[in-house]
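Listing of query_25.cif, mmCIF, C-alpha atoms and all ligand atoms
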data_input
#
loop_
_atom_site.label_atom_id
_atom_site.label_comp_id
_atom_site.auth_asym_id
_atom_site.auth_seq_id
_atom_site.Cartn_x
_atom_site.Cartn_y
_atom_site.Cartn_z
CA MET A 4 -50.68 46.72 -9.39
CA LYS A 5 -52.35 43.33 -10.01
CA ARG A 6 -49.85 42.77 -12.86
CA PHE A 7 -46.97 43.44 -10.47
CA PHE A 8 -48.14 40.82 -7.93
CA LEU A 9 -48.80 38.32 -10.78
CA MET A 10 -45.23 38.77 -12.09
CA LEU A 11 -43.90 38.44 -8.51
CA PHE A 12 -45.85 35.16 -8.01
CA ILE A 13 -44.58 33.74 -11.33
CA ALA A 14 -40.99 34.64 -10.45
CA PHE A 15 -41.41 32.98 -7.03
CA ALA A 16 -42.97 29.82 -8.55
CA VAL A 17 -40.17 29.49 -11.13
CA THR A 18 -37.53 29.83 -8.39
CA CYS A 19 -39.19 27.12 -6.28
CA PHE A 20 -39.47 24.64 -9.14
CA SER A 21 -35.86 25.12 -10.28
CA ALA A 22 -34.63 24.75 -6.66
CA CYS A 23 -36.74 21.58 -6.32
CA GLY A 24 -35.29 20.41 -9.58
CA LYS A 25 -31.75 21.00 -8.24
CA GLU A 26 -32.58 19.29 -4.93
CA SER A 27 -34.06 16.28 -6.73
CA ASP A 28 -31.00 16.22 -9.05
CA GLU A 29 -28.70 16.38 -6.01
CA LYS A 30 -30.70 13.58 -4.34
CA ASP A 31 -30.46 11.58 -7.59
CA GLU A 32 -26.66 12.08 -7.78
CA PRO A 33 -25.49 8.89 -5.97
CA GLY A 34 -22.01 8.59 -4.37
CA LEU A 35 -19.52 6.15 -5.82
CA LEU A 36 -20.72 2.53 -5.67
CA LEU A 37 -17.79 0.18 -4.94
CA GLY A 38 -18.16 -3.60 -5.13
CA PHE A 39 -15.65 -5.45 -2.93
CA SER A 40 -15.13 -9.22 -2.81
CA GLN A 41 -13.26 -10.29 0.34
CA ILE A 42 -11.57 -13.71 0.63
CA GLY A 43 -13.14 -14.68 3.95
CA SER A 44 -12.46 -14.40 7.68
CA GLU A 45 -9.55 -16.84 8.01
CA SER A 46 -7.32 -14.67 10.20
CA ALA A 47 -7.14 -11.64 12.46
CA TRP A 48 -5.42 -9.97 9.54
CA ARG A 49 -8.36 -10.60 7.22
CA ILE A 50 -10.92 -9.46 9.81
CA GLY A 51 -8.88 -6.32 10.42
CA ASN A 52 -8.66 -5.70 6.68
CA THR A 53 -12.44 -5.98 6.30
CA GLN A 54 -13.07 -3.61 9.21
CA ASP A 55 -10.60 -1.08 7.84
CA ILE A 56 -12.21 -1.12 4.39
CA GLU A 57 -15.71 -0.71 5.83
CA ASP A 58 -14.57 2.18 8.04
CA ALA A 59 -12.77 3.88 5.14
CA ALA A 60 -15.84 3.58 2.89
CA GLU A 61 -18.03 5.18 5.57
CA LYS A 62 -15.54 8.00 6.18
CA SER A 63 -15.31 8.80 2.46
CA GLY A 64 -19.04 8.57 1.76
CA ILE A 65 -18.56 5.67 -0.65
CA ASN A 66 -21.38 3.12 -0.99
CA LEU A 67 -19.78 -0.30 -0.35
CA MET A 68 -21.31 -3.50 -1.73
CA PHE A 69 -19.39 -6.11 0.32
CA GLU A 70 -19.31 -9.85 -0.40
CA ASN A 71 -17.47 -12.42 1.79
CA ALA A 72 -16.34 -15.42 -0.32
CA ASN A 73 -15.71 -17.74 2.65
CA GLN A 74 -12.38 -18.91 1.18
CA LYS A 75 -13.88 -20.02 -2.16
CA GLN A 76 -12.68 -18.64 -5.51
CA GLU A 77 -16.01 -19.54 -7.12
CA ASN A 78 -17.76 -17.26 -4.63
CA GLN A 79 -15.44 -14.39 -5.56
CA ILE A 80 -16.15 -14.94 -9.27
CA ALA A 81 -19.91 -14.94 -8.55
CA ALA A 82 -19.55 -11.73 -6.52
CA ILE A 83 -17.71 -9.96 -9.36
CA ARG A 84 -20.51 -10.99 -11.76
CA LYS A 85 -23.04 -9.58 -9.29
CA PHE A 86 -21.16 -6.28 -9.19
CA ILE A 87 -21.19 -6.17 -13.01
CA ALA A 88 -24.94 -6.81 -13.04
CA TYR A 89 -25.44 -4.01 -10.52
CA LYS A 90 -23.30 -1.72 -12.73
CA VAL A 91 -21.07 -0.62 -9.84
CA ASP A 92 -18.64 2.20 -10.56
CA VAL A 93 -15.54 0.28 -9.43
CA ILE A 94 -14.81 -3.36 -8.52
CA ALA A 95 -12.15 -4.32 -5.99
CA PHE A 96 -11.17 -7.76 -4.71
CA SER A 97 -8.47 -9.71 -2.90
CA PRO A 98 -7.87 -12.78 -5.08
CA ILE A 99 -7.55 -15.92 -2.92
CA VAL A 100 -5.20 -17.45 -5.52
CA GLU A 101 -3.40 -15.95 -8.51
CA ASP A 102 -4.88 -18.05 -11.33
CA GLY A 103 -8.36 -18.40 -12.88
CA TRP A 104 -9.57 -14.78 -13.15
CA ASP A 105 -9.27 -14.01 -16.88
CA ASN A 106 -12.88 -14.76 -17.92
CA VAL A 107 -14.66 -12.78 -15.21
CA LEU A 108 -12.23 -9.87 -15.47
CA GLU A 109 -12.77 -9.79 -19.25
CA GLU A 110 -16.50 -9.45 -18.46
CA ALA A 111 -15.78 -6.52 -16.12
CA LYS A 112 -13.57 -4.91 -18.79
CA ASP A 113 -16.31 -5.37 -21.44
CA ALA A 114 -18.74 -3.71 -19.00
CA GLY A 115 -16.35 -0.75 -18.68
CA ILE A 116 -15.89 -1.24 -14.93
CA PRO A 117 -12.34 -0.67 -13.59
CA VAL A 118 -10.94 -3.32 -11.22
CA ILE A 119 -8.60 -2.70 -8.29
CA LEU A 120 -6.60 -5.58 -6.74
CA VAL A 121 -6.42 -5.34 -2.95
CA ASP A 122 -3.81 -7.23 -0.88
CA ARG A 123 -3.05 -10.01 -3.38
CA ASP A 124 -2.21 -10.20 -7.09
CA ILE A 125 -3.36 -12.28 -10.05
CA SER A 126 -1.35 -14.13 -12.67
CA THR A 127 -2.49 -13.43 -16.27
CA ASP A 128 -1.10 -13.01 -19.79
CA LYS A 129 -3.87 -10.58 -20.71
CA LYS A 130 -3.33 -6.83 -20.57
CA GLY A 131 -5.61 -4.26 -18.97
CA LEU A 132 -7.73 -6.55 -16.79
CA THR A 133 -6.91 -4.57 -13.65
CA THR A 134 -5.91 -0.96 -13.00
CA CYS A 135 -3.94 -1.08 -9.78
CA LEU A 136 -2.61 -3.37 -7.00
CA ILE A 137 -2.80 -2.04 -3.45
CA GLY A 138 -0.94 -4.45 -1.18
CA ALA A 139 2.22 -5.42 0.65
CA ASP A 140 5.57 -6.26 -0.93
CA PHE A 141 5.41 -9.89 0.15
CA TYR A 142 8.80 -10.75 -1.35
CA HIS A 143 10.39 -8.07 0.83
CA GLU A 144 8.52 -9.40 3.87
CA GLY A 145 10.03 -12.87 3.29
CA TYR A 146 13.45 -11.37 2.61
CA MET A 147 13.35 -9.37 5.87
CA ALA A 148 12.43 -12.60 7.71
CA GLY A 149 15.50 -14.30 6.20
CA GLU A 150 17.74 -11.36 7.06
CA TYR A 151 16.55 -11.50 10.68
CA LEU A 152 17.38 -15.23 10.84
CA ILE A 153 20.94 -14.60 9.59
CA ARG A 154 21.44 -11.94 12.28
CA LYS A 155 19.98 -14.27 14.94
CA VAL A 156 22.22 -17.20 13.93
CA ASP A 157 25.26 -14.88 13.90
CA GLY A 158 24.34 -13.61 17.36
CA LEU A 159 23.94 -17.11 18.78
CA GLY A 160 27.13 -18.30 17.06
CA LEU A 161 25.35 -21.34 15.58
CA GLU A 162 27.29 -23.45 13.05
CA TYR A 163 24.11 -24.81 11.41
CA VAL A 164 20.34 -24.52 11.71
CA ASN A 165 17.55 -26.82 10.51
CA ILE A 166 14.46 -24.91 9.34
CA VAL A 167 10.81 -25.95 8.93
CA GLU A 168 8.39 -23.71 7.02
CA ILE A 169 4.58 -23.65 7.22
CA THR A 170 3.30 -21.72 4.21
CA GLY A 171 0.14 -19.80 3.43
CA THR A 172 -2.43 -20.77 0.80
CA VAL A 173 -0.65 -22.49 -2.10
CA ASN A 174 -0.59 -20.33 -5.29
CA SER A 175 -1.53 -17.20 -3.36
CA THR A 176 0.68 -14.14 -3.86
CA PRO A 177 1.78 -13.88 -0.20
CA MET A 178 2.68 -17.58 -0.09
CA ARG A 179 4.70 -17.51 -3.32
CA GLN A 180 6.52 -14.29 -2.62
CA ARG A 181 7.16 -14.70 1.12
CA GLN A 182 8.73 -18.09 0.43
CA ALA A 183 10.81 -16.72 -2.46
CA GLY A 184 12.05 -13.75 -0.42
CA PHE A 185 12.97 -15.88 2.59
CA MET A 186 14.77 -18.54 0.54
CA ASP A 187 16.66 -15.91 -1.47
CA ALA A 188 17.79 -14.18 1.72
CA ILE A 189 19.28 -17.37 3.19
CA SER A 190 20.33 -19.09 -0.05
CA GLY A 191 24.00 -18.12 0.21
CA ASP A 192 24.31 -19.16 3.85
CA THR A 193 25.65 -22.73 4.14
CA ARG A 194 24.56 -22.93 7.79
CA MET A 195 20.91 -23.02 6.72
CA THR A 196 19.06 -26.25 5.86
CA VAL A 197 15.32 -26.38 5.12
CA LEU A 198 14.05 -29.74 6.39
CA GLU A 199 10.49 -29.38 5.01
CA SER A 200 7.98 -26.83 3.75
CA ILE A 201 4.30 -27.63 4.26
CA ASP A 202 1.01 -25.88 3.32
CA GLY A 203 -0.93 -24.41 6.27
CA ASP A 204 -3.42 -22.37 4.20
CA PHE A 205 -3.03 -19.41 6.63
CA LEU A 206 -5.25 -21.28 9.11
CA LYS A 207 -4.63 -21.65 12.87
CA SER A 208 -5.89 -25.25 12.90
CA ARG A 209 -3.53 -26.20 10.06
CA GLY A 210 -0.64 -24.52 11.88
CA ALA A 211 -1.24 -26.80 14.86
CA GLU A 212 -1.76 -29.92 12.73
CA ASN A 213 1.35 -29.30 10.64
CA MET A 214 3.56 -28.55 13.66
CA ARG A 215 2.41 -31.82 15.28
CA TYR A 216 3.50 -33.67 12.13
CA LEU A 217 6.84 -31.79 11.91
CA LEU A 218 7.66 -32.45 15.57
CA GLN A 219 6.80 -36.15 15.19
CA THR A 220 9.00 -36.30 12.08
CA TYR A 221 12.01 -34.15 13.05
CA GLY A 222 11.73 -33.80 16.84
CA ASP A 223 14.47 -31.81 18.51
CA THR A 224 16.44 -31.41 15.24
CA ILE A 225 14.21 -28.43 14.40
CA ASP A 226 16.03 -25.17 15.19
CA VAL A 227 13.88 -22.65 13.29
CA PHE A 228 10.16 -22.36 12.45
CA PHE A 229 9.28 -19.89 9.67
CA SER A 230 5.52 -19.26 9.45
CA HIS A 231 3.76 -17.27 6.68
CA ASN A 232 1.22 -15.76 9.10
CA ASP A 233 0.45 -15.26 12.79
CA GLU A 234 -2.63 -17.52 12.81
CA MET A 235 -0.53 -20.56 11.92
CA THR A 236 2.18 -19.47 14.36
CA LEU A 237 -0.35 -19.17 17.20
CA GLY A 238 -1.73 -22.59 16.30
CA ALA A 239 1.75 -24.16 16.31
CA ILE A 240 3.13 -22.75 19.58
CA PRO A 241 0.99 -24.87 21.97
CA GLU A 242 2.10 -27.98 20.03
CA ILE A 243 5.74 -26.96 20.49
CA GLU A 244 5.16 -26.57 24.23
CA LYS A 245 3.24 -29.89 24.48
CA ALA A 246 6.28 -31.58 22.90
CA GLY A 247 8.42 -30.21 25.76
CA PHE A 248 10.21 -27.43 23.87
CA VAL A 249 10.41 -23.73 24.80
CA PRO A 250 9.22 -21.60 21.85
CA GLY A 251 11.56 -18.68 21.16
CA LYS A 252 14.40 -20.46 22.97
CA ASP A 253 14.65 -24.12 21.82
CA MET A 254 13.16 -23.06 18.50
CA ILE A 255 13.64 -19.68 16.79
CA ILE A 256 10.18 -18.60 15.59
CA ILE A 257 9.65 -16.08 12.78
CA SER A 258 6.15 -14.98 11.75
CA ILE A 259 4.40 -12.45 9.50
CA ASP A 260 1.38 -10.12 9.96
CA GLY A 261 1.80 -8.36 13.32
CA GLY A 262 -1.69 -8.59 14.84
CA GLN A 263 -2.09 -7.79 18.53
CA GLU A 264 -2.38 -11.40 19.71
CA ALA A 265 0.93 -12.38 18.09
CA ILE A 266 2.65 -9.19 19.23
CA ASP A 267 1.65 -10.04 22.81
CA VAL A 268 3.26 -13.49 22.37
CA LEU A 269 6.38 -11.79 20.94
CA LYS A 270 6.50 -9.67 24.10
CA GLN A 271 6.42 -12.91 26.15
CA GLY A 272 9.51 -14.09 24.21
CA LYS A 273 7.73 -17.05 22.55
CA ILE A 274 8.09 -15.54 19.07
CA ASN A 275 11.44 -14.01 18.09
CA CYS A 276 10.46 -11.94 15.04
CA ILE A 277 7.26 -10.73 13.38
CA VAL A 278 7.42 -8.98 9.99
CA GLU A 279 4.54 -6.50 9.76
CA CYS A 280 1.95 -6.89 7.00
CA THR A 281 -0.57 -4.12 7.52
CA PRO A 282 -4.26 -4.88 6.80
CA LYS A 283 -5.02 -1.14 6.80
CA LEU A 284 -5.51 -0.69 3.05
CA GLY A 285 -8.97 0.93 3.17
CA LYS A 286 -7.94 4.59 2.82
CA LEU A 287 -5.68 3.83 -0.16
CA LEU A 288 -8.51 1.80 -1.75
CA MET A 289 -11.09 4.58 -1.42
CA GLU A 290 -8.69 7.25 -2.71
CA THR A 291 -7.87 5.08 -5.72
CA ALA A 292 -11.53 4.25 -6.45
CA LEU A 293 -12.46 7.95 -6.40
CA LYS A 294 -9.58 8.78 -8.76
CA LEU A 295 -10.77 6.10 -11.21
CA LYS A 296 -14.37 7.35 -11.06
CA ASN A 297 -13.10 10.88 -11.78
CA GLY A 298 -11.06 9.65 -14.72
CA GLU A 299 -7.74 10.35 -13.02
CA SER A 300 -4.67 8.15 -13.52
CA VAL A 301 -3.52 5.84 -10.70
CA MET A 302 -0.24 4.09 -9.92
CA ASP A 303 0.12 0.46 -11.07
CA THR A 304 1.21 -0.71 -7.62
CA ILE A 305 0.88 0.89 -4.17
CA HIS A 306 2.87 -0.74 -1.32
CA PRO A 307 2.11 0.40 2.25
CA GLU A 308 4.99 1.10 4.70
CA GLU A 309 5.90 -1.91 6.88
CA GLN A 310 8.37 -2.70 9.67
CA VAL A 311 9.92 -5.62 11.60
CA PHE A 312 9.21 -6.34 15.27
CA SER A 313 11.76 -8.62 17.00
CA ASP A 314 13.73 -9.48 20.12
CA GLU A 315 16.39 -7.08 18.83
CA MET A 316 14.25 -4.19 20.17
CA ASP A 317 12.42 -3.17 23.35
CA THR A 318 9.14 -4.92 22.47
CA SER A 319 7.37 -3.29 25.43
CA GLN A 320 7.36 -0.08 23.34
CA ILE A 321 5.32 -1.58 20.47
CA ALA A 322 2.13 0.49 20.19
CA PRO A 323 -1.34 -1.19 20.18
CA ARG A 324 -1.90 -2.74 16.76
CA GLY A 325 -5.60 -2.18 16.23
CA TYR A 326 -6.24 -5.63 14.73
C1 LIG B 1 -1.41 -10.87 3.43
C2 LIG B 1 -2.72 -11.60 3.46
C3 LIG B 1 -2.58 -12.85 4.21
C4 LIG B 1 -2.18 -12.64 5.66
C5 LIG B 1 -2.91 -13.76 6.29
O1 LIG B 1 -1.58 -9.63 2.83
O2 LIG B 1 -3.16 -11.89 2.14
O3 LIG B 1 -3.84 -13.51 4.22
O4 LIG B 1 -0.81 -12.68 5.89
C6 LIG B 1 -4.23 -13.69 5.56
O5 LIG B 1 -3.08 -13.64 7.68
O6 LIG B 1 -4.97 -14.83 5.76
#
Translate the structure of the given file into structure tokens.
Amino acid sequence: MKRFFLMLFIAFAVTCFSACGKESDEKDEPGLLLGFSQIGSESAWRIGNTQDIEDAAEKSGINLMFENANQKQENQIAAIRKFIAYKVDVIAFSPIVEDGWDNVLEEAKDAGIPVILVDRDISTDKKGLTTCLIGADFYHEGYMAGEYLIRKVDGLGLEYVNIVEITGTVNSTPMRQRQAGFMDAISGDTRMTVLESIDGDFLKSRGAENMRYLLQTYGDTIDVFFSHNDEMTLGAIPEIEKAGFVPGKDMIIISIDGGQEAIDVLKQGKINCIVECTPKLGKLLMETALKLKNGESVMDTIHPEEQVFSDEMDTSQIAPRGY
């Protein structure tokens, strides 16, 4: 009988230890660690993008190491090196400009850490530095802006229009491609003249400053204002009003992003068209990071769905934007 109880105790002890072993293994099995370098907080779009990525990481149980570069490329490069040192599973970042990433991305490649581009692209001759780009088709955004302008000019029966453009950060993907798409869309239309294109760096303050300069230079000859993002548009509109012009009437205003503040101004008739550029890339990013960690293949480029909001529709029906 004693032997029976001894065997029972041994069996019980073995079970406990193996279960503890499993529990401690499970505790030791960490979730995916994702390092993300964000450009900064320059716009409602960027702030919405950050929030969406943080929410998506929490929902998917992914550990997010987040670094805000405060609009400096050198801070993004330092963040990527930090992620390499921490041996994260996946690196993701939104490159503030397209050039200057080869060295640090070679280091990530040598460390065997896959890199996902979020929002913006890089320019490189080297192969295999990144696995995937998750972001808008900026060329198509610019092209849709140009197509809207052609429809608007047709509808107003205008024989010619003078255009001013305030661009986003020079050498950034959205700046390059939005400008290319817009200019390609209007290039065959002899009614269109671009008076000047000026860098606003996606900043509200620069939108105001540049519009002051353009109004002082071209005055009431400006018929159209094409802006690469809502922040600059919202900075420019008070300057247009101070100069005695009615935005959306005396000047056709076309913007890009589609944040709530700008949509509300569209509803007031002070902006004529906003091409959507969704900041909600978090879910796509987490899905892609998990696929890479599991050794699954991913698409080279993932473009989210986007639409155009304009005075051609009943703008009162536009749903809350969430950013
Ligand atoms: C576009 C994004 C741009 C936004 C701006 O995807 O990179 O940067 O249009 C933001 O508002 O600053």
If I take atom CA of A:Met195 and atom CA of A:Ser230, how far is one from the other in Å, to one decimal?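 Between these atoms lies a distance of 16.1 Å.
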Considering only C-alpha atoms and all ligand atoms, tabulate each residue of chain A that lies at most 6 Å from ligand LIG 1 (chain B) along with its nearest interatomic pair and the corresponding distance in Å to one decimal; arrange the rows by chain and ascending residue number and present them as CSV.
residue,atom,partner,partner_atom,distance
A:Glu45,CA,B:LIG1,O6,5.5
A:Ser46,CA,B:LIG1,O6,5.0
A:Trp48,CA,B:LIG1,O5,4.7
A:Arg49,CA,B:LIG1,C6,5.4
A:Asp122,CA,B:LIG1,O1,4.9
A:Arg123,CA,B:LIG1,O2,5.8
A:Pro177,CA,B:LIG1,C1,5.7
A:Phe205,CA,B:LIG1,O6,5.0
A:Asn232,CA,B:LIG1,O4,4.9
A:Asp260,CA,B:LIG1,O4,5.3
A:Thr196 proximity check over A:Val167, A:Asn213, A:Ala47, A:Ser175, using all atoms listed in the file: winner is A:Val167
Mind checking which residues fall within 9 Å of stretch 103-107 of chain A, counting all atoms listed in the file, ignoring those fewer than 3 positions away in the same chain, and posting them as a VMD selection string? chain A and resid 76 80 to 81 83 to 84 98 100 110 to 112 125 to 129 132
A:Lys85 surroundings by only C-alpha atoms, 12 Å radius, close-in-sequence under 4 positions cut, as a ChimeraX atom specification: /A:37-40,68-70,78-81,89-91,94,107,110-111
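Nearest to A:Leu152 of all the residues A:Ser200, A:Thr170, A:Ser190, A:Gln310 is A:Ser190, based on only C-alpha atoms.
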